[in-house]
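Colleague: See start-v4.cif below, with mmCIF, C-alpha atoms.
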data_start
loop_
_atom_site.label_atom_id
_atom_site.label_comp_id
_atom_site.auth_asym_id
_atom_site.auth_seq_id
_atom_site.Cartn_x
_atom_site.Cartn_y
_atom_site.Cartn_z
CA MET A 1 -7.04 13.27 11.09
CA LEU A 2 -5.13 14.81 8.19
CA PHE A 3 -2.14 12.60 8.94
CA ILE A 4 -4.27 9.48 9.29
CA LEU A 5 -5.71 10.05 5.83
CA SER A 6 -2.37 10.83 4.20
CA SER A 7 -0.38 7.97 5.79
CA PRO A 8 -0.47 4.17 5.71
CA PRO A 9 -2.55 2.14 6.17
CA PHE A 10 -5.50 4.28 5.04
CA TYR A 11 -3.62 6.11 2.30
CA THR A 12 -1.94 3.03 0.86
CA GLN A 13 -5.16 1.04 0.97
CA TYR A 14 -6.98 3.58 -1.16
CA VAL A 15 -4.24 5.12 -3.32
CA HIS A 16 -2.06 2.66 -5.18
CA LEU A 17 -0.86 1.94 -8.70
CA PRO A 18 -2.97 -0.54 -10.67
CA ASP A 19 -2.35 -4.23 -11.16
CA ARG A 20 0.28 -4.39 -13.90
CA ASN A 21 -1.31 -7.32 -15.70
CA LYS A 22 -4.73 -5.83 -16.27
CA THR A 23 -5.75 -3.38 -18.95
CA HIS A 24 -8.42 -1.06 -17.65
CA ALA A 25 -11.95 -1.90 -18.83
CA ARG A 26 -12.48 1.62 -20.17
CA ILE A 27 -9.56 1.05 -22.55
CA ARG A 28 -10.40 -2.57 -23.30
CA GLU A 29 -14.04 -1.89 -24.07
CA ASN A 30 -13.57 1.17 -26.25
CA PRO A 31 -12.64 0.42 -29.87
CA ARG A 32 -11.11 3.90 -30.21
CA PHE A 33 -8.58 2.97 -27.50
CA TRP A 34 -8.26 -0.77 -27.87
CA PRO A 35 -5.80 -2.25 -28.63
CA PHE A 36 -3.78 0.91 -29.22
CA PHE A 37 -3.54 1.99 -25.59
CA LYS A 38 -3.50 -1.53 -24.16
CA ASP A 39 -0.34 -0.78 -22.15
CA ALA A 40 -1.61 2.49 -20.65
CA ILE A 41 -1.84 2.23 -16.86
CA GLY A 42 -3.44 5.62 -16.40
CA THR A 43 -2.86 9.28 -16.94
CA LEU A 44 -0.83 11.83 -15.01
CA ASP A 45 -0.43 15.57 -14.72
CA GLY A 46 0.72 18.30 -12.40
CA SER A 47 -1.67 20.63 -10.61
CA HIS A 48 -1.04 23.83 -8.70
CA ILE A 49 -2.70 23.83 -5.29
CA GLN A 50 -2.92 27.15 -3.47
CA ALA A 51 -0.28 27.45 -0.77
CA ALA A 52 0.58 29.97 1.94
CA PRO A 53 4.37 29.91 2.37
CA GLY A 54 6.05 32.22 4.83
CA ALA A 55 7.45 35.49 3.51
CA LEU A 56 10.94 33.99 3.13
CA LYS A 57 9.78 31.27 0.78
CA HIS A 58 7.34 33.38 -1.17
CA GLY A 59 9.62 33.56 -4.21
CA THR A 60 10.05 29.83 -4.77
CA TYR A 61 6.34 29.13 -4.25
CA TRP A 62 5.33 31.76 -6.79
CA ASN A 63 4.22 29.93 -9.97
CA HIS A 64 3.99 30.93 -13.62
CA LYS A 65 0.26 31.54 -13.27
CA GLY A 66 0.85 34.34 -10.79
CA PHE A 67 -0.03 32.94 -7.37
CA THR A 68 1.73 31.01 -4.62
CA SER A 69 1.21 27.28 -4.82
CA GLN A 70 2.57 23.85 -4.19
CA ASN A 71 2.97 22.00 -7.45
CA CYS A 72 1.64 18.47 -7.11
CA LEU A 73 1.87 15.49 -9.44
CA PHE A 74 -1.09 13.12 -9.58
CA SER A 75 -1.95 10.05 -11.56
CA CYS A 76 -5.33 8.42 -11.94
CA ASN A 77 -6.87 5.47 -13.70
CA PHE A 78 -9.61 5.75 -16.32
CA ASP A 79 -12.33 5.38 -13.71
CA LEU A 80 -11.37 8.53 -11.82
CA PHE A 81 -9.51 6.91 -8.95
CA PHE A 82 -6.22 8.47 -7.91
CA THR A 83 -3.32 6.03 -8.19
CA TYR A 84 -0.39 8.22 -7.10
CA ALA A 85 0.29 11.65 -5.63
CA LEU A 86 3.47 13.58 -4.93
CA THR A 87 2.74 16.83 -3.13
CA GLY A 88 4.69 19.68 -1.60
CA TRP A 89 6.94 20.87 -4.42
CA GLU A 90 7.33 24.64 -4.65
CA GLY A 91 5.09 26.33 -7.20
CA SER A 92 8.09 27.32 -9.32
CA ALA A 93 9.10 23.68 -9.90
CA THR A 94 8.35 22.31 -13.38
CA ASP A 95 6.16 19.27 -13.98
CA THR A 96 9.07 17.45 -15.59
CA HIS A 97 11.26 18.04 -12.56
CA ILE A 98 8.58 16.75 -10.19
CA TYR A 99 8.00 13.75 -12.42
CA GLN A 100 11.68 12.88 -12.22
CA ASP A 101 11.54 13.12 -8.44
CA ALA A 102 8.39 10.99 -8.37
CA ARG A 103 10.20 8.24 -10.26
CA THR A 104 12.48 7.89 -7.24
CA LYS A 105 9.57 8.12 -4.79
CA GLY A 106 7.24 5.27 -5.52
CA LEU A 107 6.05 6.05 -9.04
CA HIS A 108 6.99 2.63 -10.36
CA ILE A 109 6.03 2.02 -13.96
CA PRO A 110 6.41 -1.63 -15.00
CA PRO A 111 8.52 -2.25 -18.13
CA GLY A 112 6.41 -2.01 -21.26
CA LYS A 113 3.72 0.07 -19.55
CA TYR A 114 3.19 3.80 -19.71
CA PHE A 115 1.14 6.73 -18.51
CA LEU A 116 -0.61 9.15 -20.85
CA ALA A 117 0.51 12.71 -20.20
CA ASP A 118 0.10 16.05 -21.91
CA ALA A 119 2.63 17.82 -24.11
CA GLY A 120 4.15 19.56 -21.09
CA PHE A 121 6.02 16.32 -20.35
CA PRO A 122 8.85 14.78 -22.36
CA LEU A 123 8.12 11.75 -24.53
CA ARG A 124 9.52 8.57 -23.02
CA ALA A 125 8.91 4.87 -23.26
CA GLU A 126 6.95 5.11 -19.99
CA LEU A 127 5.29 8.45 -20.72
CA LEU A 128 3.20 8.73 -23.87
CA VAL A 129 2.56 12.34 -24.85
CA PRO A 130 0.81 13.83 -27.91
CA TYR A 131 2.62 15.01 -31.01
CA ARG A 132 3.50 18.63 -30.60
CA ASN A 133 2.40 21.34 -33.00
CA ILE A 134 -0.39 19.20 -34.38
CA TRP A 135 -3.56 21.23 -34.52
CA TYR A 136 -6.89 19.68 -33.80
CA HIS A 137 -10.36 21.12 -33.40
CA LEU A 138 -13.27 20.58 -31.09
CA ALA A 139 -15.52 20.22 -34.12
CA GLU A 140 -13.43 17.36 -35.41
CA TRP A 141 -13.95 15.58 -32.19
CA ARG A 142 -17.75 15.40 -32.47
CA ARG A 143 -17.44 13.88 -35.87
CA ALA A 144 -14.64 11.58 -34.86
CA GLN A 145 -16.70 10.21 -32.00
CA LEU A 146 -18.94 8.57 -34.57
CA ARG A 147 -16.13 6.24 -35.46
CA MET B 1 -12.76 28.52 -33.90
CA CYS B 2 -14.35 27.23 -37.05
CA ASN B 3 -17.72 25.57 -37.43
CA GLN B 4 -16.63 23.35 -40.25
CA VAL B 5 -16.34 19.70 -39.35
CA TYR B 6 -13.15 17.91 -40.24
CA ARG B 7 -11.98 14.42 -39.72
CA PRO B 8 -8.43 13.87 -38.59
CA ALA B 9 -6.29 14.26 -41.68
CA ASN B 10 -3.35 12.11 -40.67
CA LYS B 11 -2.15 9.64 -38.09
CA GLU B 12 -0.73 12.35 -35.83
CA GLU B 13 -4.05 14.20 -35.59
CA LEU B 14 -5.96 10.99 -34.99
CA PHE B 15 -3.49 9.94 -32.32
CA ASN B 16 -3.70 13.30 -30.57
CA LEU B 17 -7.48 13.23 -30.65
CA ARG B 18 -7.76 9.83 -29.05
CA HIS B 19 -4.88 10.47 -26.69
CA SER B 20 -6.61 13.62 -25.50
CA SER B 21 -9.87 11.78 -25.01
CA ALA B 22 -8.24 9.14 -22.79
CA GLN B 23 -5.83 11.53 -21.10
CA ASN B 24 -8.47 13.98 -20.02
CA ALA B 25 -9.45 11.65 -17.14
CA ILE B 26 -6.84 13.51 -15.11
CA GLU B 27 -8.40 16.89 -15.86
CA ARG B 28 -11.81 15.57 -14.89
CA ILE B 29 -10.51 14.11 -11.63
CA PHE B 30 -8.86 17.46 -10.76
CA SER B 31 -12.10 19.24 -11.37
CA VAL B 32 -14.02 16.73 -9.20
CA LEU B 33 -11.44 16.99 -6.42
CA LYS B 34 -11.49 20.78 -6.36
CA ARG B 35 -15.29 20.90 -6.47
CA ARG B 36 -15.59 18.34 -3.74
CA PHE B 37 -13.01 19.78 -1.36
CA ARG B 38 -13.14 23.56 -1.41
CA ILE B 39 -10.20 23.76 0.99
CA LEU B 40 -8.01 23.18 -2.08
CA LEU B 41 -9.04 26.57 -3.39
CA LEU B 42 -7.86 28.31 -0.23
CA ALA B 43 -4.41 28.45 1.23
CA PRO B 44 -4.70 27.51 4.89
CA GLU B 45 -1.82 28.93 6.87
CA PHE B 46 -0.56 25.72 8.38
CA ASP B 47 3.13 24.92 8.22
CA LEU B 48 4.24 23.75 4.78
CA ASP B 49 4.55 20.08 5.73
CA THR B 50 0.95 20.11 6.84
CA GLN B 51 -0.15 21.95 3.71
CA ALA B 52 1.60 19.26 1.65
CA CYS B 53 -0.44 16.54 3.38
CA ILE B 54 -3.78 18.07 2.43
CA PRO B 55 -3.93 17.08 -1.26
CA SER B 56 -2.69 13.53 -0.51
CA ALA B 57 -5.26 13.09 2.23
CA LEU B 58 -8.03 14.32 -0.05
CA CYS B 59 -6.96 11.96 -2.86
CA ALA B 60 -7.32 9.06 -0.44
CA LEU B 61 -10.66 10.40 0.75
CA HIS B 62 -11.84 10.83 -2.85
CA ASN B 63 -10.97 7.18 -3.57
CA PHE B 64 -12.67 6.11 -0.34
CA ILE B 65 -15.86 7.83 -1.48
CA ARG B 66 -15.56 6.40 -5.03
CA THR B 67 -15.16 2.92 -3.53
CA HIS B 68 -18.02 3.08 -1.08
CA ASN B 69 -20.46 5.16 -3.09
CA PRO B 70 -20.54 3.50 -6.51
CA THR B 71 -23.68 5.41 -7.50
CA GLU B 72 -21.72 8.57 -8.09
CA GLY B 73 -20.28 7.36 -11.42
CA PRO B 74 -22.88 9.22 -13.52
CA ILE B 75 -22.33 12.40 -11.51
CA LEU B 76 -18.69 12.28 -12.56
CA GLY B 77 -19.70 12.00 -16.21
CA LEU B 78 -18.35 8.48 -16.49
CA ASN B 79 -21.21 7.10 -18.52
CA ASP B 80 -20.89 9.24 -21.60
CA GLY B 81 -17.47 7.73 -22.18
CA SER B 82 -15.92 10.80 -23.71
CA ALA B 83 -16.53 14.00 -21.75
CA GLY B 84 -14.53 16.72 -23.40
CA GLY B 85 -11.54 15.84 -25.50
CA GLY B 86 -10.17 17.64 -28.50
CA GLY B 87 -9.71 21.36 -28.57
CA VAL B 88 -6.55 23.32 -28.65
CA MET B 89 -3.89 22.55 -26.14
CA ASP B 90 -4.06 24.30 -22.89
CA GLU B 91 -1.71 27.13 -22.11
CA ASP B 92 0.20 25.10 -19.52
CA ASN B 93 1.46 22.79 -22.17
CA HIS B 94 3.86 25.30 -23.54
CA ILE B 95 5.62 25.84 -20.26
CA GLY B 96 8.35 23.92 -18.57
CA VAL B 97 8.95 21.37 -21.28
CA ASP B 98 12.42 19.97 -21.20
CA GLU B 99 13.12 18.85 -24.72
CA VAL B 100 16.27 17.12 -23.63
CA ALA B 101 15.18 15.25 -20.56
CA GLU B 102 17.78 14.38 -17.97
CA GLY B 103 18.79 10.77 -17.66
CA ASN B 104 17.16 9.81 -20.91
CA SER B 105 19.52 8.66 -23.63
CA ALA B 106 19.06 9.32 -27.33
CA GLY B 107 18.37 5.60 -27.77
CA ASP B 108 15.50 5.73 -25.26
CA GLN B 109 14.13 8.77 -27.06
CA ASP B 110 14.23 6.96 -30.40
CA GLU B 111 12.46 4.00 -28.88
CA ALA B 112 9.73 6.21 -27.43
CA HIS B 113 9.22 8.00 -30.75
CA ALA B 114 9.02 4.67 -32.56
CA MET B 115 6.48 3.36 -30.06
CA ARG B 116 4.27 6.43 -30.51
CA ASP B 117 4.55 6.26 -34.30
CA ASN B 118 3.59 2.58 -34.25
CA ILE B 119 0.50 3.26 -32.14
CA ALA B 120 -0.49 6.20 -34.36
CA GLN B 121 0.02 4.14 -37.51
CA ALA B 122 -2.04 1.23 -36.14
CA MET B 123 -4.88 3.66 -35.32
CA TRP B 124 -4.70 5.22 -38.74
CA ASP B 125 -4.69 1.84 -40.52
CA ASP B 126 -7.78 0.89 -38.54
CA TYR B 127 -9.57 4.22 -39.05
#
Produce structure tokens that represent the structure in this file.

Modeller:
Amino acid sequence: MLFILSSPPFYTQYVHLPDRNKTHARIRENPRFWPFFKDAIGTLDGSHIQAAPGALKHGTYWNHKGFTSQNCLFSCNFDLFFTYALTGWEGSATDTHIYQDARTKGLHIPPGKYFLADAGFPLRAELLVPYRNIWYHLAEWRRAQLR
Amino acid sequence: MCNQVYRPANKEELFNLRHSSAQNAIERIFSVLKRRFRILLLAPEFDLDTQACIPSALCALHNFIRTHNPTEGPILGLNDGSAGGGGVMDEDNHIGVDEVAEGNSAGDQDEAHAMRDNIAQAMWDDY
């Protein structure tokens, strides 16, 4: 069952990158995002999933948070559908390293398009990350939502 | 943190605020996935190849449920349009950043910085 769900045709039917020519409605219909993020095809991040490696591999699966994990890279659209997943990297692998591997394993980003990612990733034409060392507050957000 | 309310003071703050608001979809989907499939919080002692299949399978299953049960949108907080956002950056963000990314020339870097600045400036002009 596990393999049926994680393999074609089921997996590829339900998890796939979005149509390159469409901007997602949640971007298009939100004046705070449109037209600024018109070329965003989703958002991506790494996530540590608990893993139980054998004793020999314990070291490489040990992550910076202090438990053994597989580090996985996921992307989703703005409607909370997954659009890509790369699983199975050792917990000690960095997000940037996994991202680079993903780019050779099906994470195709059409020219001119990009994912939104957090500041743990490098800024690239296809990976839009926030400015670093810019402080912002929760309180600002409530006010800013009014605009 | 402070109780005083500020507006973003410059294009970089405004950009980060809106970027965070859109980008946090991934944090919300992680939280939904881990709530929905508690097996992700355990570490089942299958061989590693099998363990690697579990998150992929559950992503597909999550999408299957999202597709065939459209009424769950509100449960996922999709109707308020802005769950979360803002706040200080999470501790992860300071770890594992490669400032000089492999296979990425200085020209590409410049282009990416210019693109981000242009977006931030357009937001600020419109604000």

Colleague: Once the PyMOL selection byres ((chain A) within 7 of (chain B)) has been applied to the shown file, what residues remain in the selection, as a PyMOL selection string?

Modeller: chain A and resi 2+5-6+11+14-15+32+36+43-45+49-53+75-76+78+80-82+85+87-88+94-96+116-125+130-131+134-141+143-144

Colleague: What does the structure give for the distance between atom CA of A:Gln100 and atom CA of B:Ser105, in Å to one decimal?

Modeller: 14.5 Å

Colleague: How far is it from atom CA of A:Leu127 to atom CA of A:Tyr114, in Å with one decimal?

Modeller: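 About the pair atom CA of A:Leu127 and atom CA of A:Tyr114: they are 5.2 Å apart.
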
Colleague: Please report the interatomic distance between atom CA of A:Trp89 and atom CA of A:Pro111 in Å with one decimal.

Modeller: 26.9 Å

Colleague: Counting all atoms listed in the file, which of A:Asn77, A:Gln70, A:Thr23, A:Gln13 gets nearest to A:Asp39?

Modeller: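 Of A:Asn77, A:Gln70, A:Thr23, A:Gln13, the one nearest A:Asp39, counting all atoms listed in the file, is A:Thr23.
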
Colleague: Mind working out the centre and edge lengths of an axis-aligned box for stretch 27-43 of chain B, all listed atoms inside, 4 Å added to each side, rounded to one decimal in Å and written as JSON?

Modeller:
{"center_x": -10.0, "center_y": 21.3, "center_z": -7.3, "size_x": 19.2, "size_y": 22.3, "size_z": 25.1}
